[in-house]
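> My file is my_file.tsv. It has TSV, C-alpha atoms:
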chain	number	residue	atom	x	y	z
A	1	MET	CA	18.04	-15.30	2.60
A	2	THR	CA	18.74	-11.59	2.64
A	3	ILE	CA	17.91	-9.72	5.83
A	4	TYR	CA	17.53	-5.99	5.27
A	5	GLU	CA	18.85	-3.75	8.01
A	6	GLY	CA	15.95	-1.71	9.34
A	7	ILE	CA	13.44	-4.48	8.59
A	8	SER	CA	14.61	-7.52	10.54
A	9	GLY	CA	12.77	-7.62	13.84
A	10	LYS	CA	10.64	-4.60	12.94
A	11	LYS	CA	6.85	-4.60	13.17
A	12	VAL	CA	5.24	-3.62	9.87
A	13	LEU	CA	1.51	-2.95	9.53
A	14	ILE	CA	0.16	-3.70	6.06
A	15	THR	CA	-3.36	-2.64	5.06
A	16	GLY	CA	-5.17	-4.46	2.28
A	17	ALA	CA	-3.10	-7.50	3.21
A	18	ALA	CA	-5.53	-10.05	1.76
A	19	GLY	CA	-5.07	-8.76	-1.79
A	20	GLY	CA	-2.47	-9.87	-4.29
A	21	MET	CA	-0.06	-7.02	-3.67
A	22	GLY	CA	-0.64	-6.95	0.09
A	23	GLN	CA	0.03	-10.59	0.69
A	24	GLU	CA	3.15	-10.51	-1.47
A	25	MET	CA	4.52	-7.57	0.53
A	26	ALA	CA	3.79	-9.49	3.72
A	27	ARG	CA	5.63	-12.51	2.36
A	28	VAL	CA	8.71	-10.56	1.24
A	29	LEU	CA	8.96	-8.66	4.52
A	30	ALA	CA	8.57	-11.85	6.54
A	31	GLU	CA	11.39	-13.39	4.47
A	32	ARG	CA	13.53	-10.44	5.51
A	33	GLY	CA	12.83	-10.98	9.17
A	34	ALA	CA	9.97	-8.56	9.83
A	35	ILE	CA	6.97	-9.20	12.05
A	36	VAL	CA	4.00	-8.40	9.83
A	37	LEU	CA	0.71	-7.09	11.20
A	38	LEU	CA	-1.95	-7.75	8.61
A	39	THR	CA	-5.30	-6.07	8.20
A	40	ASP	CA	-8.06	-6.24	5.63
A	41	VAL	CA	-11.83	-6.08	5.53
A	42	VAL	CA	-12.02	-9.64	4.10
A	43	GLU	CA	-11.71	-11.78	7.23
A	44	GLN	CA	-11.46	-15.29	5.74
A	45	ARG	CA	-8.85	-14.44	3.13
A	46	LEU	CA	-6.90	-12.41	5.69
A	47	GLN	CA	-6.66	-15.39	8.03
A	48	GLU	CA	-5.55	-17.61	5.16
A	49	VAL	CA	-2.69	-15.21	4.42
A	50	ARG	CA	-1.77	-15.09	8.10
A	51	GLU	CA	-1.69	-18.88	8.34
A	52	SER	CA	0.51	-19.13	5.25
A	53	LEU	CA	3.13	-16.92	6.95
A	54	GLY	CA	3.22	-18.77	10.26
A	55	ALA	CA	4.69	-17.16	13.35
A	56	ALA	CA	5.90	-14.11	11.42
A	57	ALA	CA	2.36	-12.75	11.09
A	58	ILE	CA	-0.59	-11.66	13.18
A	59	ALA	CA	-3.85	-10.35	11.77
A	60	ARG	CA	-6.94	-8.35	12.62
A	61	SER	CA	-9.76	-7.51	10.23
A	62	ALA	CA	-10.82	-3.87	10.06
A	63	ASP	CA	-12.97	-1.60	7.94
A	64	LEU	CA	-10.59	1.32	7.48
A	65	THR	CA	-13.40	3.59	6.33
A	66	ASP	CA	-14.53	3.60	9.98
A	67	PRO	CA	-12.38	5.95	12.10
A	68	GLU	CA	-13.15	3.97	15.25
A	69	ALA	CA	-11.92	0.80	13.56
A	70	VAL	CA	-8.63	2.52	12.72
A	71	ASP	CA	-8.17	3.60	16.33
A	72	ALA	CA	-8.99	0.06	17.49
A	73	LEU	CA	-6.48	-1.37	15.01
A	74	PHE	CA	-3.61	0.69	16.40
A	75	ALA	CA	-4.68	-0.04	19.97
A	76	TRP	CA	-4.57	-3.74	19.07
A	77	ALA	CA	-1.06	-3.29	17.65
A	78	ASP	CA	0.01	-1.68	20.93
A	79	ASP	CA	-1.44	-4.56	22.94
A	80	GLU	CA	-0.09	-7.33	20.71
A	81	CYS	CA	3.46	-6.13	20.05
A	82	GLU	CA	4.01	-2.71	21.56
A	83	GLY	CA	3.16	-0.74	18.45
A	84	VAL	CA	4.10	-0.41	14.80
A	85	ASP	CA	7.57	0.46	13.48
A	86	HIS	CA	6.68	0.85	9.80
A	87	LEU	CA	3.40	1.34	7.91
A	88	ILE	CA	2.37	0.27	4.41
A	89	ASN	CA	-0.88	1.87	3.21
A	90	ASN	CA	-1.95	-0.57	0.52
A	91	ALA	CA	-5.75	-0.94	0.85
A	92	GLY	CA	-7.51	0.02	-2.36
A	93	VAL	CA	-10.58	-0.52	-4.52
A	94	LEU	CA	-11.37	0.19	-8.16
A	95	SER	CA	-14.49	1.34	-9.98
A	96	GLN	CA	-14.68	1.93	-13.72
A	97	ALA	CA	-17.20	4.07	-15.60
A	98	LYS	CA	-17.35	7.09	-17.89
A	99	ILE	CA	-17.42	10.36	-15.96
A	100	GLU	CA	-20.93	11.27	-17.12
A	101	ASN	CA	-22.25	7.99	-15.73
A	102	PHE	CA	-19.97	7.56	-12.73
A	103	PRO	CA	-22.08	6.63	-9.68
A	104	ASP	CA	-21.75	9.03	-6.75
A	105	GLU	CA	-21.73	6.11	-4.32
A	106	ASP	CA	-18.72	4.62	-6.14
A	107	TRP	CA	-16.90	7.95	-5.89
A	108	ASP	CA	-17.53	8.03	-2.14
A	109	ARG	CA	-16.41	4.43	-1.66
A	110	VAL	CA	-13.20	4.74	-3.71
A	111	ILE	CA	-12.15	8.00	-2.07
A	112	SER	CA	-12.96	6.63	1.38
A	113	VAL	CA	-10.92	3.44	0.95
A	114	ASN	CA	-8.08	4.69	-1.24
A	115	LEU	CA	-7.47	8.12	0.24
A	116	THR	CA	-9.26	8.80	3.52
A	117	SER	CA	-8.10	5.52	5.06
A	118	VAL	CA	-4.51	6.44	4.18
A	119	TYR	CA	-4.95	9.73	6.01
A	120	ARG	CA	-6.46	8.07	9.08
A	121	CYS	CA	-3.83	5.33	9.29
A	122	THR	CA	-1.03	7.81	8.73
A	123	LYS	CA	-2.42	10.10	11.44
A	124	ALA	CA	-2.68	7.24	13.95
A	125	TYR	CA	0.80	5.99	13.05
A	126	ALA	CA	2.32	9.48	13.32
A	127	ARG	CA	0.84	10.01	16.77
A	128	ALA	CA	2.21	6.69	17.96
A	129	ARG	CA	5.70	7.22	16.52
A	130	ILE	CA	6.00	10.75	17.91
A	131	ALA	CA	4.93	9.47	21.34
A	132	ARG	CA	7.74	6.89	21.13
A	133	GLY	CA	10.37	9.43	20.19
A	134	GLY	CA	10.09	9.22	16.40
A	135	GLY	CA	11.71	7.10	13.71
A	136	GLY	CA	10.10	4.77	11.23
A	137	ALA	CA	8.94	4.73	7.63
A	138	ILE	CA	5.72	4.85	5.64
A	139	VAL	CA	5.19	3.39	2.18
A	140	ASN	CA	2.00	4.39	0.39
A	141	ILE	CA	0.82	2.43	-2.64
A	142	ALA	CA	-0.26	4.93	-5.26
A	143	SER	CA	-0.61	4.11	-8.97
A	144	MET	CA	0.53	5.39	-12.33
A	145	ALA	CA	-3.14	6.33	-12.70
A	146	TYR	CA	-2.46	9.38	-10.53
A	147	LYS	CA	-1.44	11.10	-13.78
A	148	GLY	CA	-4.97	10.61	-15.11
A	149	MET	CA	-6.74	7.70	-16.75
A	150	THR	CA	-9.94	7.34	-18.75
A	151	GLN	CA	-12.99	5.89	-16.98
A	152	GLN	CA	-11.11	6.03	-13.67
A	153	ILE	CA	-12.08	9.46	-12.32
A	154	ALA	CA	-12.35	8.32	-8.70
A	155	TYR	CA	-9.38	5.95	-8.73
A	156	SER	CA	-7.09	8.45	-10.46
A	157	SER	CA	-8.20	11.24	-8.12
A	158	SER	CA	-7.66	9.08	-5.05
A	159	LYS	CA	-4.17	8.08	-6.13
A	160	GLY	CA	-3.31	11.68	-6.96
A	161	GLY	CA	-4.33	12.49	-3.42
A	162	VAL	CA	-2.08	9.72	-2.10
A	163	VAL	CA	0.87	11.21	-4.00
A	164	SER	CA	0.27	14.67	-2.54
A	165	MET	CA	-0.34	13.24	0.92
A	166	THR	CA	2.93	11.34	0.75
A	167	ARG	CA	4.89	14.49	0.00
A	168	SER	CA	3.12	16.49	2.70
A	169	THR	CA	3.64	13.70	5.22
A	170	ALA	CA	7.35	13.48	4.37
A	171	MET	CA	7.81	17.21	4.85
A	172	GLU	CA	5.93	17.29	8.15
A	173	LEU	CA	7.30	14.15	9.80
A	174	ALA	CA	10.95	14.51	8.76
A	175	ARG	CA	11.72	16.36	11.99
A	176	HIS	CA	10.55	13.28	13.88
A	177	GLY	CA	12.79	10.96	11.86
A	178	VAL	CA	9.84	9.41	9.99
A	179	ARG	CA	10.27	8.94	6.24
A	180	ALA	CA	7.34	8.70	3.80
A	181	ASN	CA	7.53	7.50	0.20
A	182	ALA	CA	5.09	6.13	-2.34
A	183	ILE	CA	5.20	3.48	-5.02
A	184	ALA	CA	3.30	4.13	-8.24
A	185	PRO	CA	2.84	0.72	-9.91
A	186	GLY	CA	2.00	0.36	-13.56
A	187	MET	CA	0.08	-2.66	-14.80
A	188	ILE	CA	0.61	-5.45	-12.27
A	189	GLU	CA	-0.77	-8.98	-12.45
A	190	THR	CA	-3.18	-8.81	-9.50
A	191	PRO	CA	-6.73	-10.08	-9.02
A	192	MET	CA	-8.02	-6.50	-8.72
A	193	ILE	CA	-7.16	-5.60	-12.29
A	194	ALA	CA	-7.71	-9.15	-13.60
A	195	VAL	CA	-4.98	-9.36	-16.21
A	196	ALA	CA	-4.75	-13.13	-16.46
A	197	ASN	CA	-4.37	-14.19	-20.09
A	198	SER	CA	-8.03	-15.22	-20.39
A	199	GLN	CA	-9.30	-11.95	-18.89
A	200	ARG	CA	-7.33	-9.19	-20.54
A	201	ASP	CA	-9.69	-6.61	-21.97
A	202	PRO	CA	-8.99	-4.53	-25.09
A	203	LEU	CA	-7.78	-1.52	-23.07
A	204	ARG	CA	-5.10	-3.55	-21.33
A	205	GLU	CA	-4.07	-5.22	-24.56
A	206	LYS	CA	-3.74	-1.78	-26.09
A	207	MET	CA	-1.53	-0.67	-23.20
A	208	LEU	CA	0.90	-3.58	-23.42
A	209	PRO	CA	2.86	-2.19	-26.42
A	210	GLN	CA	3.32	1.06	-24.45
A	211	ILE	CA	5.35	-0.80	-21.81
A	212	PRO	CA	9.01	-0.89	-22.92
A	213	LEU	CA	9.62	-4.17	-21.05
A	214	ARG	CA	6.62	-5.66	-22.95
A	215	ARG	CA	5.07	-7.37	-19.96
A	216	TYR	CA	2.97	-6.69	-16.90
A	217	GLY	CA	4.65	-6.60	-13.51
A	218	HIS	CA	4.44	-9.14	-10.71
A	219	PRO	CA	3.34	-8.24	-7.16
A	220	ARG	CA	6.72	-9.37	-5.84
A	221	GLU	CA	8.40	-6.65	-7.90
A	222	ILE	CA	6.34	-4.10	-5.98
A	223	ALA	CA	6.97	-5.87	-2.68
A	224	CYS	CA	10.75	-5.77	-3.11
A	225	VAL	CA	10.65	-2.02	-3.76
A	226	ALA	CA	8.53	-1.56	-0.63
A	227	ALA	CA	11.06	-3.56	1.38
A	228	PHE	CA	13.87	-1.36	0.07
A	229	LEU	CA	11.99	1.83	0.98
A	230	LEU	CA	11.49	0.59	4.54
A	231	SER	CA	15.12	-0.43	4.92
A	232	HIS	CA	18.12	1.59	6.04
A	233	ASP	CA	19.37	1.40	2.45
A	234	ALA	CA	16.75	4.06	1.71
A	235	SER	CA	17.58	6.18	4.75
A	236	TYR	CA	18.00	9.38	2.70
A	237	LEU	CA	14.85	8.90	0.63
A	238	THR	CA	11.68	10.67	1.67
A	239	GLY	CA	8.86	12.35	-0.22
A	240	GLU	CA	9.67	10.33	-3.35
A	241	ILE	CA	7.25	8.67	-5.78
A	242	VAL	CA	8.87	5.55	-7.20
A	243	HIS	CA	7.40	4.47	-10.54
A	244	VAL	CA	7.48	0.70	-10.99
A	245	SER	CA	5.97	0.35	-14.42
A	246	GLY	CA	8.29	-1.44	-16.80
A	247	GLY	CA	9.25	1.93	-18.25
A	248	ALA	CA	5.68	2.97	-19.10
A	249	ARG	CA	4.53	6.57	-18.76
A	250	LEU	CA	0.90	7.57	-19.01
Please express what this file holds, its structure, as structure tokens.

Amino acid sequence: MTIYEGISGKKVLITGAAGGMGQEMARVLAERGAIVLLTDVVEQRLQEVRESLGAAAIARSADLTDPEAVDALFAWADDECEGVDHLINNAGVLSQAKIENFPDEDWDRVISVNLTSVYRCTKAYARARIARGGGGAIVNIASMAYKGMTQQIAYSSSKGGVVSMTRSTAMELARHGVRANAIAPGMIETPMIAVANSQRDPLREKMLPQIPLRRYGHPREIACVAAFLLSHDASYLTGEIVHVSGGARL
């Protein structure tokens, strides 16, 4: 088992940890010796993920659209294990509709979960790291959709915001020794986008030939990139957007 320097023994907070990508990142980091702090709004599934990881994981459910819940989450991390070394902002939701029919309430929900929660968690993490003398790393999960995608006005906008926030965060926190990078996945086999063979819709089938590797990605392939970005092997990387898309470009 490979132990990455900069990960082993470190405490990593992962949002959206009950989802396909989140739980795979938790698993990969635990394999590399990290202590993973898991959070998600889905309590039952979150606890199932925690139990599957054993002593390497602790969990607390939180609605990250609530600023008080974010503050309580970081206070809990302080109480449980003296704070967070690294942060992965992974929580996300999706809503699909043509722009002329896109529900305002869906816009508000997607922006709140996908973008505002990243800001709030990053702010809380930055305060804590600066108070401890700096150091650490942030990985934000963006999406190739940040370049624009039909029927995804809110999702694409939110992920574009994540990309810009990552770069701004990297510039601002560099003086404190905190790195910030983002991963922009392409089409990944996760429950959120439902790309099991029996569920692929015509749009996704149309996209498959545009992927040079001619397949969708696996959550572990995202998780391993996240682990690299948190490790000392990526110590001179900050403000970067890493496209993990099988060679696809929107």
> Using only C-alpha atoms, which of the listed residues (A:Gln210, A:Thr238, A:Thr166, A:Thr116) sits closest to Thr65 (chain A)?
A:Thr116
> Choose the residue, out of A:Leu29, A:Met165, A:Gln152, A:Gln47, that has the smallest atom-to-atom separation from Gln96 (chain A); count all atoms listed in the file.
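Ranking A:Leu29, A:Met165, A:Gln152, A:Gln47 by distance to Gln96 (chain A), first place goes to A:Gln152.
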> Between A:Leu37, A:Val244, A:Asp85, A:Met171, which residue has the minimum interatomic distance to Ala223 (chain A), considering only C-alpha atoms?
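Among the listed residues, A:Val244 lies closest to Ala223 (chain A).
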> For Glu240 (chain A), which residue among A:Leu213, A:Ala128, A:Leu64, A:Ala142 is the nearest when counting all atoms listed in the file?
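Using all atoms listed in the file, Glu240 (chain A) sits closest to A:Ala142.
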> If we count all atoms listed in the file and set the cut-off at 8 Å, which residues sit around region 73-80 of chain A, ignoring sequence neighbours fewer than 6 positions away in its own chain? Please answer as a list in words.
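The residues satisfying every condition are Leu37, Arg60, Ala62, Ala124 and Tyr125 of chain A.
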> Between CA of Arg220 (chain A) and CA of Ser168 (chain A), what is the distance, to one decimal in Å?
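Between CA of Arg220 (chain A) and CA of Ser168 (chain A) the gap works out to 27.5 Å.
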> Pick the closest to Ser157 (chain A) from A:Ala26, A:Ala17, A:Leu46, A:Leu94: which is it, counting all atoms listed in the file?
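Once distances to Ser157 (chain A) are computed over all atoms listed in the file, the minimum belongs to A:Leu94.
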> Using all atoms listed in the file, which of the listed residues (A:Val178, A:Ala145, A:Leu229, A:Ile153) sits closest to Ser245 (chain A)?
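Under the stated criterion, the closest residue is A:Ala145.
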> How many Å lie between CA of Pro185 (chain A) and CA of Arg249 (chain A), rounded to one decimal?
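Interatomic distance here is 10.7 Å.
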> Any idea what the distance is between CA of Ile188 (chain A) and CA of Ala55 (chain A)?
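Separating CA of Ile188 (chain A) from CA of Ala55 (chain A) is a distance of 28.5 Å.
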> Counting only C-alpha atoms, which residues sit no farther than 7 Å from the position (2.1, 9.4, 5.4) in the file's frame? I'd like them as a PyMOL selection string.
chain A and resi 122+138+165-166+169-170+180
> List as a ChimeraX atom specification the protein and nucleic acid residues near Met144 (chain A), meaning an atom at most 10 Å away when all atoms listed in the file are counted, but skip any in the same chain fewer than 5 places from it.
/A:149,156,159-160,183-187,241-245,248-250
> Please return, as a VMD selection string, all polymer residues that have at least one atom within 10 Å of the point (16.9, -1.5, 6.1); use only C-alpha atoms and the file's own coordinate frame.
chain A and resid 3 to 8 10 32 227 to 235
> Using only C-alpha atoms, which residues sit within 9 Å of region 21-23 of chain A once same-chain residues fewer than 6 positions away are excluded, as a list of chain:residue names?
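Close residues of region 21-23 of chain A: A:Ile14, A:Thr15, A:Leu38, A:Leu46, A:Val49, A:Arg50, A:Ile88, A:Asn90, A:Ala91, A:Ile188, A:Thr190, A:His218, A:Pro219, A:Arg220, A:Ile222, A:Ala223.
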> Could those selected residues go to a file with C-alpha atoms, as an mmCIF file, keeping the file's coordinate frame?

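Result written to part_9.cif:
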data_model
loop_
_atom_site.group_PDB
_atom_site.id
_atom_site.type_symbol
_atom_site.label_atom_id
_atom_site.label_comp_id
_atom_site.auth_asym_id
_atom_site.auth_seq_id
_atom_site.Cartn_x
_atom_site.Cartn_y
_atom_site.Cartn_z
ATOM 1 C CA ILE A 14 0.160 -3.700 6.060
ATOM 2 C CA THR A 15 -3.360 -2.640 5.060
ATOM 3 C CA LEU A 38 -1.950 -7.750 8.610
ATOM 4 C CA LEU A 46 -6.900 -12.410 5.690
ATOM 5 C CA VAL A 49 -2.690 -15.210 4.420
ATOM 6 C CA ARG A 50 -1.770 -15.090 8.100
ATOM 7 C CA ILE A 88 2.370 0.270 4.410
ATOM 8 C CA ASN A 90 -1.950 -0.570 0.520
ATOM 9 C CA ALA A 91 -5.750 -0.940 0.850
ATOM 10 C CA ILE A 188 0.610 -5.450 -12.270
ATOM 11 C CA THR A 190 -3.180 -8.810 -9.500
ATOM 12 C CA HIS A 218 4.440 -9.140 -10.710
ATOM 13 C CA PRO A 219 3.340 -8.240 -7.160
ATOM 14 C CA ARG A 220 6.720 -9.370 -5.840
ATOM 15 C CA ILE A 222 6.340 -4.100 -5.980
ATOM 16 C CA ALA A 223 6.970 -5.870 -2.680
#
> With a distance cut-off of 10 Å and all atoms listed in the file, select the neighbouring residues of Ala126 (chain A), excluding the residue or stretch itself and same-chain residues fewer than 4 positions from it, and output the selection as a PyMOL selection string.
chain A and resi 87+120-122+130-132+134-138+169+173+176+178
> With C-alpha atoms retained, write the just-selected residues as a compact mmCIF listing (two decimals), in the frame of the given file.

# COMPACT_ATOMS: atom_id res chain seq x y z
CA LEU A 87 3.40 1.34 7.91
CA ARG A 120 -6.46 8.07 9.08
CA CYS A 121 -3.83 5.33 9.29
CA THR A 122 -1.03 7.81 8.73
CA ILE A 130 6.00 10.75 17.91
CA ALA A 131 4.93 9.47 21.34
CA ARG A 132 7.74 6.89 21.13
CA GLY A 134 10.09 9.22 16.40
CA GLY A 135 11.71 7.10 13.71
CA GLY A 136 10.10 4.77 11.23
CA ALA A 137 8.94 4.73 7.63
CA ILE A 138 5.72 4.85 5.64
CA THR A 169 3.64 13.70 5.22
CA LEU A 173 7.30 14.15 9.80
CA HIS A 176 10.55 13.28 13.88
CA VAL A 178 9.84 9.41 9.99
